[in-house]
file upload-v2.pdb (PDB, C-alpha atoms and all ligand atoms)
ATOM      1  CA  MET A 434      22.307  42.438   4.227  1.00  0.00           C
ATOM      2  CA  THR A 435      19.117  40.374   3.857  1.00  0.00           C
ATOM      3  CA  LYS A 436      18.886  37.591   6.367  1.00  0.00           C
ATOM      4  CA  PHE A 437      17.313  34.501   4.786  1.00  0.00           C
ATOM      5  CA  GLU A 438      14.442  32.790   6.621  1.00  0.00           C
ATOM      6  CA  VAL A 439      15.608  29.257   7.487  1.00  0.00           C
ATOM      7  CA  ARG A 440      12.645  28.215   9.617  1.00  0.00           C
ATOM      8  CA  PRO A 441       9.182  27.865   8.038  1.00  0.00           C
ATOM      9  CA  ALA A 442       6.864  30.812   8.560  1.00  0.00           C
ATOM     10  CA  PRO A 443       4.133  30.101  11.180  1.00  0.00           C
ATOM     11  CA  ALA A 444       1.410  29.673   8.514  1.00  0.00           C
ATOM     12  CA  ARG A 445       3.532  27.205   6.555  1.00  0.00           C
ATOM     13  CA  ARG A 446       4.413  25.391   9.786  1.00  0.00           C
ATOM     14  CA  SER A 447       0.797  24.659  10.617  1.00  0.00           C
ATOM     15  CA  LEU A 448       0.253  23.487   7.018  1.00  0.00           C
ATOM     16  CA  ILE A 449       3.155  21.029   7.368  1.00  0.00           C
ATOM     17  CA  LEU A 450       1.803  19.859  10.743  1.00  0.00           C
ATOM     18  CA  GLY A 451      -1.670  19.362   9.239  1.00  0.00           C
ATOM     19  CA  ALA A 452      -0.244  17.311   6.356  1.00  0.00           C
ATOM     20  CA  GLY A 453       1.692  15.184   8.844  1.00  0.00           C
ATOM     21  CA  VAL A 454      -1.412  14.449  10.931  1.00  0.00           C
ATOM     22  CA  LEU A 455      -3.351  13.568   7.762  1.00  0.00           C
ATOM     23  CA  ALA A 456      -0.599  11.203   6.565  1.00  0.00           C
ATOM     24  CA  LEU A 457      -0.560   9.470   9.975  1.00  0.00           C
ATOM     25  CA  ALA A 458      -4.357   9.110   9.989  1.00  0.00           C
ATOM     26  CA  CYS A 459      -4.255   7.561   6.489  1.00  0.00           C
ATOM     27  CA  ALA A 460      -1.489   5.157   7.502  1.00  0.00           C
ATOM     28  CA  LEU A 461      -3.476   4.020  10.563  1.00  0.00           C
ATOM     29  CA  ALA A 462      -6.664   3.597   8.525  1.00  0.00           C
ATOM     30  CA  TRP A 463      -4.822   1.305   6.088  1.00  0.00           C
ATOM     31  CA  THR A 464      -3.074  -0.805   8.730  1.00  0.00           C
ATOM     32  CA  PRO A 465      -4.606  -4.334   8.817  1.00  0.00           C
ATOM     33  CA  THR A 466      -5.572  -5.944  12.107  1.00  0.00           C
ATOM     34  CA  PHE A 467      -2.465  -7.448  13.725  1.00  0.00           C
ATOM     35  CA  GLU A 468      -2.358 -10.526  15.890  1.00  0.00           C
ATOM     36  CA  SER A 469       0.595 -10.880  18.255  1.00  0.00           C
ATOM     37  CA  THR A 470       2.307 -13.110  15.731  1.00  0.00           C
ATOM     38  CA  GLY A 471       1.075 -11.749  12.402  1.00  0.00           C
ATOM     39  CA  PHE A 472      -1.912 -10.777  10.313  1.00  0.00           C
ATOM     40  CA  ALA A 473      -5.492 -11.866  10.638  1.00  0.00           C
ATOM     41  CA  GLY A 474      -8.453 -11.217   8.439  1.00  0.00           C
ATOM     42  CA  VAL A 475      -6.665 -10.605   5.124  1.00  0.00           C
ATOM     43  CA  ASP A 476      -6.860 -13.027   2.209  1.00  0.00           C
ATOM     44  CA  ASP A 477      -3.401 -12.465   0.767  1.00  0.00           C
ATOM     45  CA  GLY A 478      -1.287 -12.070   3.896  1.00  0.00           C
ATOM     46  CA  PRO A 479       1.868 -13.922   4.947  1.00  0.00           C
ATOM     47  CA  MET A 480      -0.129 -17.102   5.654  1.00  0.00           C
ATOM     48  CA  HIS A 481      -1.388 -17.273   2.078  1.00  0.00           C
ATOM     49  CA  ASP A 482       2.092 -16.498   0.671  1.00  0.00           C
ATOM     50  CA  GLY A 483       3.732 -19.065   2.963  1.00  0.00           C
ATOM     51  CA  MET A 484       1.263 -21.815   2.008  1.00  0.00           C
ATOM     52  CA  GLU A 485       1.682 -21.040  -1.699  1.00  0.00           C
ATOM     53  CA  SER A 486       5.451 -21.272  -1.298  1.00  0.00           C
ATOM     54  CA  LEU A 487       5.098 -24.529   0.673  1.00  0.00           C
ATOM     55  CA  ASN A 488       2.953 -25.898  -2.136  1.00  0.00           C
ATOM     56  CA  ARG A 489       5.495 -24.959  -4.833  1.00  0.00           C
ATOM     57  CA  SER A 490       8.345 -26.688  -2.990  1.00  0.00           C
ATOM     58  CA  PHE A 491       6.269 -29.777  -2.215  1.00  0.00           C
ATOM     59  CA  ARG A 492       5.079 -30.041  -5.824  1.00  0.00           C
ATOM     60  CA  SER A 493       8.619 -29.619  -7.211  1.00  0.00           C
ATOM     61  CA  LEU A 494      10.026 -32.430  -5.074  1.00  0.00           C
ATOM     62  CA  ARG A 495       7.119 -34.765  -5.882  1.00  0.00           C
ATOM     63  CA  ARG A 496       7.887 -34.235  -9.561  1.00  0.00           C
ATOM     64  CA  ALA A 497      11.643 -34.713  -9.065  1.00  0.00           C
ATOM     65  CA  LYS A 498      11.382 -38.390 -10.090  1.00  0.00           C
ATOM     66  CA  GLY A 499      14.007 -39.710  -7.728  1.00  0.00           C
ATOM     67  CA  ASP A 500      16.465 -36.842  -8.280  1.00  0.00           C
ATOM     68  CA  LEU A 501      17.666 -36.721  -4.673  1.00  0.00           C
ATOM     69  CA  ALA A 502      19.418 -33.339  -5.036  1.00  0.00           C
ATOM     70  CA  LYS A 503      16.146 -31.761  -6.192  1.00  0.00           C
ATOM     71  CA  ILE A 504      14.247 -33.483  -3.393  1.00  0.00           C
ATOM     72  CA  THR A 505      16.719 -32.110  -0.834  1.00  0.00           C
ATOM     73  CA  GLU A 506      16.313 -28.627  -2.300  1.00  0.00           C
ATOM     74  CA  GLY A 507      12.513 -28.935  -2.194  1.00  0.00           C
ATOM     75  CA  ALA A 508      12.592 -30.117   1.430  1.00  0.00           C
ATOM     76  CA  VAL A 509      14.659 -27.085   2.435  1.00  0.00           C
ATOM     77  CA  GLY A 510      12.189 -24.837   0.557  1.00  0.00           C
ATOM     78  CA  MET A 511       9.365 -26.433   2.540  1.00  0.00           C
ATOM     79  CA  GLN A 512      11.164 -25.765   5.821  1.00  0.00           C
ATOM     80  CA  LYS A 513      11.531 -22.050   4.994  1.00  0.00           C
ATOM     81  CA  ALA A 514       7.838 -21.800   4.115  1.00  0.00           C
ATOM     82  CA  ILE A 515       6.763 -23.719   7.235  1.00  0.00           C
ATOM     83  CA  ALA A 516       8.828 -21.335   9.379  1.00  0.00           C
ATOM     84  CA  LEU A 517       6.860 -18.441   7.827  1.00  0.00           C
ATOM     85  CA  CYS A 518       3.431 -20.052   8.362  1.00  0.00           C
ATOM     86  CA  LYS A 519       4.133 -21.365  11.834  1.00  0.00           C
ATOM     87  CA  GLY A 520       4.039 -17.940  13.493  1.00  0.00           C
ATOM     88  CA  GLU A 521       0.779 -16.919  11.797  1.00  0.00           C
ATOM     89  CA  THR A 522      -2.784 -17.281  13.001  1.00  0.00           C
ATOM     90  CA  PRO A 523      -5.208 -18.898  10.527  1.00  0.00           C
ATOM     91  CA  ASP A 524      -8.428 -16.944   9.953  1.00  0.00           C
ATOM     92  CA  THR A 525     -10.441 -19.891  11.281  1.00  0.00           C
ATOM     93  CA  VAL A 526      -8.556 -19.603  14.596  1.00  0.00           C
ATOM     94  CA  ALA A 527      -8.695 -15.786  14.703  1.00  0.00           C
ATOM     95  CA  ALA A 528     -12.492 -16.059  14.441  1.00  0.00           C
ATOM     96  CA  LEU A 529     -12.629 -17.940  17.782  1.00  0.00           C
ATOM     97  CA  GLU A 530     -12.449 -16.425  21.260  1.00  0.00           C
ATOM     98  CA  GLY A 531     -11.008 -17.194  24.667  1.00  0.00           C
ATOM     99  CA  ASP A 532     -10.102 -20.777  25.558  1.00  0.00           C
ATOM    100  CA  ALA A 533     -11.357 -22.194  22.249  1.00  0.00           C
ATOM    101  CA  ARG A 534      -9.054 -19.864  20.368  1.00  0.00           C
ATOM    102  CA  ALA A 535      -6.043 -20.635  22.576  1.00  0.00           C
ATOM    103  CA  ALA A 536      -6.632 -24.383  22.183  1.00  0.00           C
ATOM    104  CA  ALA A 537      -6.997 -24.118  18.393  1.00  0.00           C
ATOM    105  CA  LEU A 538      -3.841 -22.009  18.071  1.00  0.00           C
ATOM    106  CA  LYS A 539      -1.911 -24.517  20.177  1.00  0.00           C
ATOM    107  CA  GLU A 540      -3.143 -27.389  17.970  1.00  0.00           C
ATOM    108  CA  TYR A 541      -2.203 -25.445  14.808  1.00  0.00           C
ATOM    109  CA  ARG A 542       1.309 -24.770  16.131  1.00  0.00           C
ATOM    110  CA  ILE A 543       1.806 -28.413  17.090  1.00  0.00           C
ATOM    111  CA  GLN A 544       0.757 -29.584  13.617  1.00  0.00           C
ATOM    112  CA  MET A 545       3.164 -27.084  12.031  1.00  0.00           C
ATOM    113  CA  ILE A 546       5.988 -28.306  14.303  1.00  0.00           C
ATOM    114  CA  GLU A 547       5.255 -31.903  13.229  1.00  0.00           C
ATOM    115  CA  LEU A 548       5.207 -30.764   9.587  1.00  0.00           C
ATOM    116  CA  MET A 549       8.633 -29.144  10.049  1.00  0.00           C
ATOM    117  CA  LYS A 550      10.008 -32.322  11.667  1.00  0.00           C
ATOM    118  CA  GLU A 551       8.704 -34.461   8.796  1.00  0.00           C
ATOM    119  CA  SER A 552      10.228 -32.107   6.210  1.00  0.00           C
ATOM    120  CA  LEU A 553      13.557 -32.506   8.039  1.00  0.00           C
ATOM    121  CA  ASN A 554      13.126 -36.304   7.903  1.00  0.00           C
ATOM    122  CA  LEU A 555      12.550 -35.956   4.161  1.00  0.00           C
ATOM    123  CA  GLU A 556      15.715 -33.902   3.705  1.00  0.00           C
ATOM    124  CA  ARG A 557      17.714 -36.462   5.676  1.00  0.00           C
ATOM    125  CA  ALA A 558      16.293 -39.442   3.757  1.00  0.00           C
ATOM    126  CA  ALA A 559      17.194 -37.714   0.466  1.00  0.00           C
ATOM    127  CA  LEU A 560      20.701 -36.854   1.681  1.00  0.00           C
ATOM    128  CA  GLU A 561      21.234 -40.464   2.723  1.00  0.00           C
ATOM    129  CA  GLY A 562      19.949 -41.709  -0.627  1.00  0.00           C
ATOM    130  CA  ASP A 563      17.105 -43.694   0.962  1.00  0.00           C
ATOM    131  CA  ALA A 564      14.560 -43.576  -1.892  1.00  0.00           C
ATOM    132  CA  GLU A 565      12.047 -45.804  -0.099  1.00  0.00           C
ATOM    133  CA  LYS A 566      12.034 -43.565   2.969  1.00  0.00           C
ATOM    134  CA  VAL A 567      11.702 -40.495   0.718  1.00  0.00           C
ATOM    135  CA  GLN A 568       8.476 -41.905  -0.766  1.00  0.00           C
ATOM    136  CA  ALA A 569       7.108 -42.923   2.638  1.00  0.00           C
ATOM    137  CA  THR A 570       7.836 -39.448   4.039  1.00  0.00           C
ATOM    138  CA  ILE A 571       6.121 -37.747   1.093  1.00  0.00           C
ATOM    139  CA  ARG A 572       3.004 -39.850   1.808  1.00  0.00           C
ATOM    140  CA  THR A 573       3.123 -38.835   5.487  1.00  0.00           C
ATOM    141  CA  LEU A 574       3.399 -35.158   4.482  1.00  0.00           C
ATOM    142  CA  GLN A 575       0.363 -35.508   2.180  1.00  0.00           C
ATOM    143  CA  GLY A 576      -1.616 -36.932   5.101  1.00  0.00           C
ATOM    144  CA  MET A 577      -0.527 -34.011   7.304  1.00  0.00           C
ATOM    145  CA  GLN A 578      -1.607 -31.513   4.640  1.00  0.00           C
ATOM    146  CA  LYS A 579      -5.060 -33.103   4.448  1.00  0.00           C
ATOM    147  CA  LYS A 580      -5.486 -33.176   8.227  1.00  0.00           C
ATOM    148  CA  GLY A 581      -4.350 -29.534   8.604  1.00  0.00           C
ATOM    149  CA  HIS A 582      -6.635 -28.329   5.824  1.00  0.00           C
ATOM    150  CA  ASP A 583      -9.657 -30.283   7.064  1.00  0.00           C
ATOM    151  CA  GLN A 584      -9.198 -28.669  10.453  1.00  0.00           C
ATOM    152  CA  PHE A 585      -7.952 -25.131   9.749  1.00  0.00           C
ATOM    153  CA  LYS A 586      -8.576 -24.073   6.160  1.00  0.00           C
ATOM    154  CA  LYS A 587     -11.793 -22.280   5.264  1.00  0.00           C
ATOM    155  CA  ASP A 588     -14.003 -24.280   2.866  1.00  0.00           C
ATOM    156  CA  GLU A 589     -13.893 -21.693   0.088  1.00  0.00           C
ATOM    157  CA  ASP A 590     -10.043 -21.502   0.116  1.00  0.00           C
TER     158      ASP A 590
HETATM  159  C1  LIG A 601       2.682 -30.204   2.652  1.00  0.00           C
HETATM  160  C2  LIG A 601       1.843 -29.544   3.391  1.00  0.00           C
HETATM  161  C3  LIG A 601       0.959 -28.404   2.950  1.00  0.00           C
HETATM  162  C4  LIG A 601       0.822 -27.818   1.717  1.00  0.00           C
HETATM  163  C5  LIG A 601       1.570 -28.146   0.432  1.00  0.00           C
HETATM  164  C6  LIG A 601      -0.167 -26.763   1.854  1.00  0.00           C
HETATM  165  C7  LIG A 601      -0.615 -25.952   0.821  1.00  0.00           C
HETATM  166  C8  LIG A 601      -1.578 -24.978   0.929  1.00  0.00           C
HETATM  167  C9  LIG A 601      -2.114 -24.187  -0.157  1.00  0.00           C
HETATM  168  C10 LIG A 601      -1.712 -24.301  -1.638  1.00  0.00           C
HETATM  169  C11 LIG A 601      -3.027 -23.344   0.366  1.00  0.00           C
HETATM  170  C12 LIG A 601      -3.879 -22.328  -0.403  1.00  0.00           C
HETATM  171  C13 LIG A 601      -3.241 -20.968  -0.244  1.00  0.00           C
HETATM  172  C14 LIG A 601      -4.305 -19.945  -0.109  1.00  0.00           C
HETATM  173  O1  LIG A 601      -5.079 -19.784  -1.049  1.00  0.00           O
HETATM  174  O2  LIG A 601      -4.383 -19.295   0.939  1.00  0.00           O
HETATM  175  C15 LIG A 601      -3.069 -23.556   1.783  1.00  0.00           C
HETATM  176  C16 LIG A 601      -3.839 -22.839   2.652  1.00  0.00           C
HETATM  177  C17 LIG A 601      -3.907 -23.097   3.999  1.00  0.00           C
HETATM  178  N1  LIG A 601      -3.269 -24.091   4.696  1.00  0.00           N
HETATM  179 FE1  LIG A 601      -1.928 -25.394   3.930  1.00  0.00          FE
HETATM  180  N2  LIG A 601      -0.600 -26.724   3.148  1.00  0.00           N
HETATM  181  C18 LIG A 601       0.059 -27.705   3.852  1.00  0.00           C
HETATM  182  C19 LIG A 601      -0.094 -28.020   5.174  1.00  0.00           C
HETATM  183  C20 LIG A 601      -0.907 -27.354   6.064  1.00  0.00           C
HETATM  184  C21 LIG A 601      -1.061 -27.684   7.461  1.00  0.00           C
HETATM  185  C22 LIG A 601      -0.327 -28.833   8.169  1.00  0.00           C
HETATM  186  C23 LIG A 601      -1.927 -26.766   7.985  1.00  0.00           C
HETATM  187  C24 LIG A 601      -2.418 -26.606   9.384  1.00  0.00           C
HETATM  188  C25 LIG A 601      -1.847 -27.142  10.441  1.00  0.00           C
HETATM  189  C26 LIG A 601      -2.324 -25.876   6.914  1.00  0.00           C
HETATM  190  C27 LIG A 601      -3.199 -24.822   7.049  1.00  0.00           C
HETATM  191  C28 LIG A 601      -3.611 -23.999   6.021  1.00  0.00           C
HETATM  192  C29 LIG A 601      -4.507 -22.863   6.191  1.00  0.00           C
HETATM  193  C30 LIG A 601      -5.088 -22.377   7.508  1.00  0.00           C
HETATM  194  C31 LIG A 601      -4.687 -22.291   4.935  1.00  0.00           C
HETATM  195  C32 LIG A 601      -5.500 -21.052   4.578  1.00  0.00           C
HETATM  196  C33 LIG A 601      -4.506 -19.896   4.508  1.00  0.00           C
HETATM  197  C34 LIG A 601      -5.131 -18.529   4.288  1.00  0.00           C
HETATM  198  O3  LIG A 601      -5.621 -17.955   5.254  1.00  0.00           O
HETATM  199  O4  LIG A 601      -5.080 -18.055   3.154  1.00  0.00           O
HETATM  200  N3  LIG A 601      -1.693 -26.258   5.749  1.00  0.00           N
HETATM  201  N4  LIG A 601      -2.185 -24.570   2.100  1.00  0.00           N
END
call {"tool": "encode", "arguments": {"input": "upload-v2.pdb", "output": "C-alpha cells"}}
result
Amino acid sequence: MTKFEVRPAPARRSLILGAGVLALACALAWTPTFESTGFAGVDDGPMHDGMESLNRSFRSLRRAKGDLAKITEGAVGMQKAIALCKGETPDTVAALEGDARAAALKEYRIQMIELMKESLNLERAALEGDAEKVQATIRTLQGMQKKGHDQFKKDED
C-alpha cells in the first residue's frame, strides 16, 4: 500500500522557510518607529486620531446649546480621547533628546492630566445642571487647547 507523504519534501521545506523569512523581513521593514508609549514620526498615528476624536466631542458639546445630556456625553467622549492621547509622544517632543526631551514629555503629560481633570469638571457641572459652570469650564478648556498647541503642535499641523 502506498504510504502518503505527510511532511513536506526537503526542497519544499526550504521554500516554505524562505517565504517565512521574507514575510518577516517585510513586516519589520513596514513597522513604524515605536516609542515606549506609542508611535512617533507618523502623521496619522494614534495621536492624530485621538486629537481628531477630542475635537469632534468638544465641538459637539459646544454646539449642544445648553442640552446638558449632550454636554455630558461630549465630556465623556473627550475623556476617552484624552486617555488615548495622554500615553503618546508628540512629534515635537520625539524630535528632542536627553533631558530636554524628558522635560518636554513630562510637561505634555501634566497638561493632558489637567485637560482630563477639566473635562471631568465639565461632566460634573453638566450632571448637576450648573449651566454657568459649564460655560466657564468650556472657556478654560479652550485656553488649555491653545496653550497645548502653541507649545507642542507643529506649525504646519
Ligand atoms: C480641547 C482640547 C483640544 C482639542 C479639541 C484639540 C484638537 C486637536 C486637533 C483637531 C488636532 C489636529 C489633528 C491632527 O491633524 O493631527 C490636534 C493636534 C495636536 N494637538 Fe490637540 N487638541 C486639544 C488639546 C491639546 C493639548 C492640551 C495638547 C498638548 C498638551 C495638544 C497637543 C496636540 C498635538 C501635539 C497635536 C499634533 C498631533 C499630531 O502629531 O498629529 N492638544 N489637536
call {"tool": "resolve_selection", "arguments": {"input": "upload-v2.pdb", "expression": "the PyMOL selection byres (((not hetatm)) within 9 of (chain A and resi 601))", "output": "PyMOL selection string"}}
result
chain A and resi 473-492+511+515+518-519+522-526+540-548+552+571+574-587+590
call {"tool": "write_last_selection", "arguments": {"input": "upload-v2.pdb", "atoms": "C-alpha atoms", "output": "PDB file, in the coordinates of the input"}}
result
ATOM      1  CA  ALA A 473      -5.492 -11.866  10.638  1.00  0.00           C
ATOM      2  CA  GLY A 474      -8.453 -11.217   8.439  1.00  0.00           C
ATOM      3  CA  VAL A 475      -6.665 -10.605   5.124  1.00  0.00           C
ATOM      4  CA  ASP A 476      -6.860 -13.027   2.209  1.00  0.00           C
ATOM      5  CA  ASP A 477      -3.401 -12.465   0.767  1.00  0.00           C
ATOM      6  CA  GLY A 478      -1.287 -12.070   3.896  1.00  0.00           C
ATOM      7  CA  PRO A 479       1.868 -13.922   4.947  1.00  0.00           C
ATOM      8  CA  MET A 480      -0.129 -17.102   5.654  1.00  0.00           C
ATOM      9  CA  HIS A 481      -1.388 -17.273   2.078  1.00  0.00           C
ATOM     10  CA  ASP A 482       2.092 -16.498   0.671  1.00  0.00           C
ATOM     11  CA  GLY A 483       3.732 -19.065   2.963  1.00  0.00           C
ATOM     12  CA  MET A 484       1.263 -21.815   2.008  1.00  0.00           C
ATOM     13  CA  GLU A 485       1.682 -21.040  -1.699  1.00  0.00           C
ATOM     14  CA  SER A 486       5.451 -21.272  -1.298  1.00  0.00           C
ATOM     15  CA  LEU A 487       5.098 -24.529   0.673  1.00  0.00           C
ATOM     16  CA  ASN A 488       2.953 -25.898  -2.136  1.00  0.00           C
ATOM     17  CA  ARG A 489       5.495 -24.959  -4.833  1.00  0.00           C
ATOM     18  CA  SER A 490       8.345 -26.688  -2.990  1.00  0.00           C
ATOM     19  CA  PHE A 491       6.269 -29.777  -2.215  1.00  0.00           C
ATOM     20  CA  ARG A 492       5.079 -30.041  -5.824  1.00  0.00           C
ATOM     21  CA  MET A 511       9.365 -26.433   2.540  1.00  0.00           C
ATOM     22  CA  ILE A 515       6.763 -23.719   7.235  1.00  0.00           C
ATOM     23  CA  CYS A 518       3.431 -20.052   8.362  1.00  0.00           C
ATOM     24  CA  LYS A 519       4.133 -21.365  11.834  1.00  0.00           C
ATOM     25  CA  THR A 522      -2.784 -17.281  13.001  1.00  0.00           C
ATOM     26  CA  PRO A 523      -5.208 -18.898  10.527  1.00  0.00           C
ATOM     27  CA  ASP A 524      -8.428 -16.944   9.953  1.00  0.00           C
ATOM     28  CA  THR A 525     -10.441 -19.891  11.281  1.00  0.00           C
ATOM     29  CA  VAL A 526      -8.556 -19.603  14.596  1.00  0.00           C
ATOM     30  CA  GLU A 540      -3.143 -27.389  17.970  1.00  0.00           C
ATOM     31  CA  TYR A 541      -2.203 -25.445  14.808  1.00  0.00           C
ATOM     32  CA  ARG A 542       1.309 -24.770  16.131  1.00  0.00           C
ATOM     33  CA  ILE A 543       1.806 -28.413  17.090  1.00  0.00           C
ATOM     34  CA  GLN A 544       0.757 -29.584  13.617  1.00  0.00           C
ATOM     35  CA  MET A 545       3.164 -27.084  12.031  1.00  0.00           C
ATOM     36  CA  ILE A 546       5.988 -28.306  14.303  1.00  0.00           C
ATOM     37  CA  GLU A 547       5.255 -31.903  13.229  1.00  0.00           C
ATOM     38  CA  LEU A 548       5.207 -30.764   9.587  1.00  0.00           C
ATOM     39  CA  SER A 552      10.228 -32.107   6.210  1.00  0.00           C
ATOM     40  CA  ILE A 571       6.121 -37.747   1.093  1.00  0.00           C
ATOM     41  CA  LEU A 574       3.399 -35.158   4.482  1.00  0.00           C
ATOM     42  CA  GLN A 575       0.363 -35.508   2.180  1.00  0.00           C
ATOM     43  CA  GLY A 576      -1.616 -36.932   5.101  1.00  0.00           C
ATOM     44  CA  MET A 577      -0.527 -34.011   7.304  1.00  0.00           C
ATOM     45  CA  GLN A 578      -1.607 -31.513   4.640  1.00  0.00           C
ATOM     46  CA  LYS A 579      -5.060 -33.103   4.448  1.00  0.00           C
ATOM     47  CA  LYS A 580      -5.486 -33.176   8.227  1.00  0.00           C
ATOM     48  CA  GLY A 581      -4.350 -29.534   8.604  1.00  0.00           C
ATOM     49  CA  HIS A 582      -6.635 -28.329   5.824  1.00  0.00           C
ATOM     50  CA  ASP A 583      -9.657 -30.283   7.064  1.00  0.00           C
ATOM     51  CA  GLN A 584      -9.198 -28.669  10.453  1.00  0.00           C
ATOM     52  CA  PHE A 585      -7.952 -25.131   9.749  1.00  0.00           C
ATOM     53  CA  LYS A 586      -8.576 -24.073   6.160  1.00  0.00           C
ATOM     54  CA  LYS A 587     -11.793 -22.280   5.264  1.00  0.00           C
ATOM     55  CA  ASP A 590     -10.043 -21.502   0.116  1.00  0.00           C
TER      56      ASP A 590
END
call {"tool": "atom_distance", "arguments": {"input": "upload-v2.pdb", "atom1": "atom CA of Glu556 of chain A", "atom2": "atom CA of Thr505 of chain A"}}
result
5.0 Å
call {"tool": "atom_distance", "arguments": {"input": "upload-v2.pdb", "atom1": "atom CA of Gly510 of chain A", "atom2": "atom CA of Ala536 of chain A"}}
result
28.7 Å
call {"tool": "atom_distance", "arguments": {"input": "upload-v2.pdb", "atom1": "atom CA of Ala497 of chain A", "atom2": "atom CA of Lys550 of chain A"}}
result
20.9 Å
call {"tool": "closest_atom_pairs", "arguments": {"input": "upload-v2.pdb", "of": "segment 495-553 of chain A", "to": "segment 558-562 of chain A", "cutoff": "10 Å", "atoms": "all atoms listed in the file", "output": "tab-separated table"}}
result
residue	atom	partner	partner_atom	distance
A:Gly499	CA	A:Ala559	CA	9.0
A:Asp500	CA	A:Ala559	CA	8.8
A:Leu501	CA	A:Ala559	CA	5.3
A:Ala502	CA	A:Ala559	CA	7.4
A:Lys503	CA	A:Ala559	CA	9.0
A:Ile504	CA	A:Ala559	CA	6.4
A:Thr505	CA	A:Ala559	CA	5.8
A:Glu506	CA	A:Ala559	CA	9.5
A:Ala508	CA	A:Ala559	CA	8.9
A:Ser552	CA	A:Ala558	CA	9.8
A:Leu553	CA	A:Ala558	CA	8.6
call {"tool": "write_last_selection", "arguments": {"input": "upload-v2.pdb", "atoms": "C-alpha atoms", "output": "compact mmCIF listing (two decimals), keeping the file's coordinate frame"}}
result
# COMPACT_ATOMS: atom_id res chain seq x y z
CA GLY A 499 14.01 -39.71 -7.73
CA ASP A 500 16.46 -36.84 -8.28
CA LEU A 501 17.67 -36.72 -4.67
CA ALA A 502 19.42 -33.34 -5.04
CA LYS A 503 16.15 -31.76 -6.19
CA ILE A 504 14.25 -33.48 -3.39
CA THR A 505 16.72 -32.11 -0.83
CA GLU A 506 16.31 -28.63 -2.30
CA ALA A 508 12.59 -30.12 1.43
CA SER A 552 10.23 -32.11 6.21
CA LEU A 553 13.56 -32.51 8.04
call {"tool": "axis_aligned_box", "arguments": {"input": "upload-v2.pdb", "around": "segment 533-538 of chain A", "padding_each_side": "3 Å", "output": "AutoDock Vina command-line options"}}
result
--center_x -7.6 --center_y -22.1 --center_z 20.3 --size_x 13.5 --size_y 10.5 --size_z 10.5
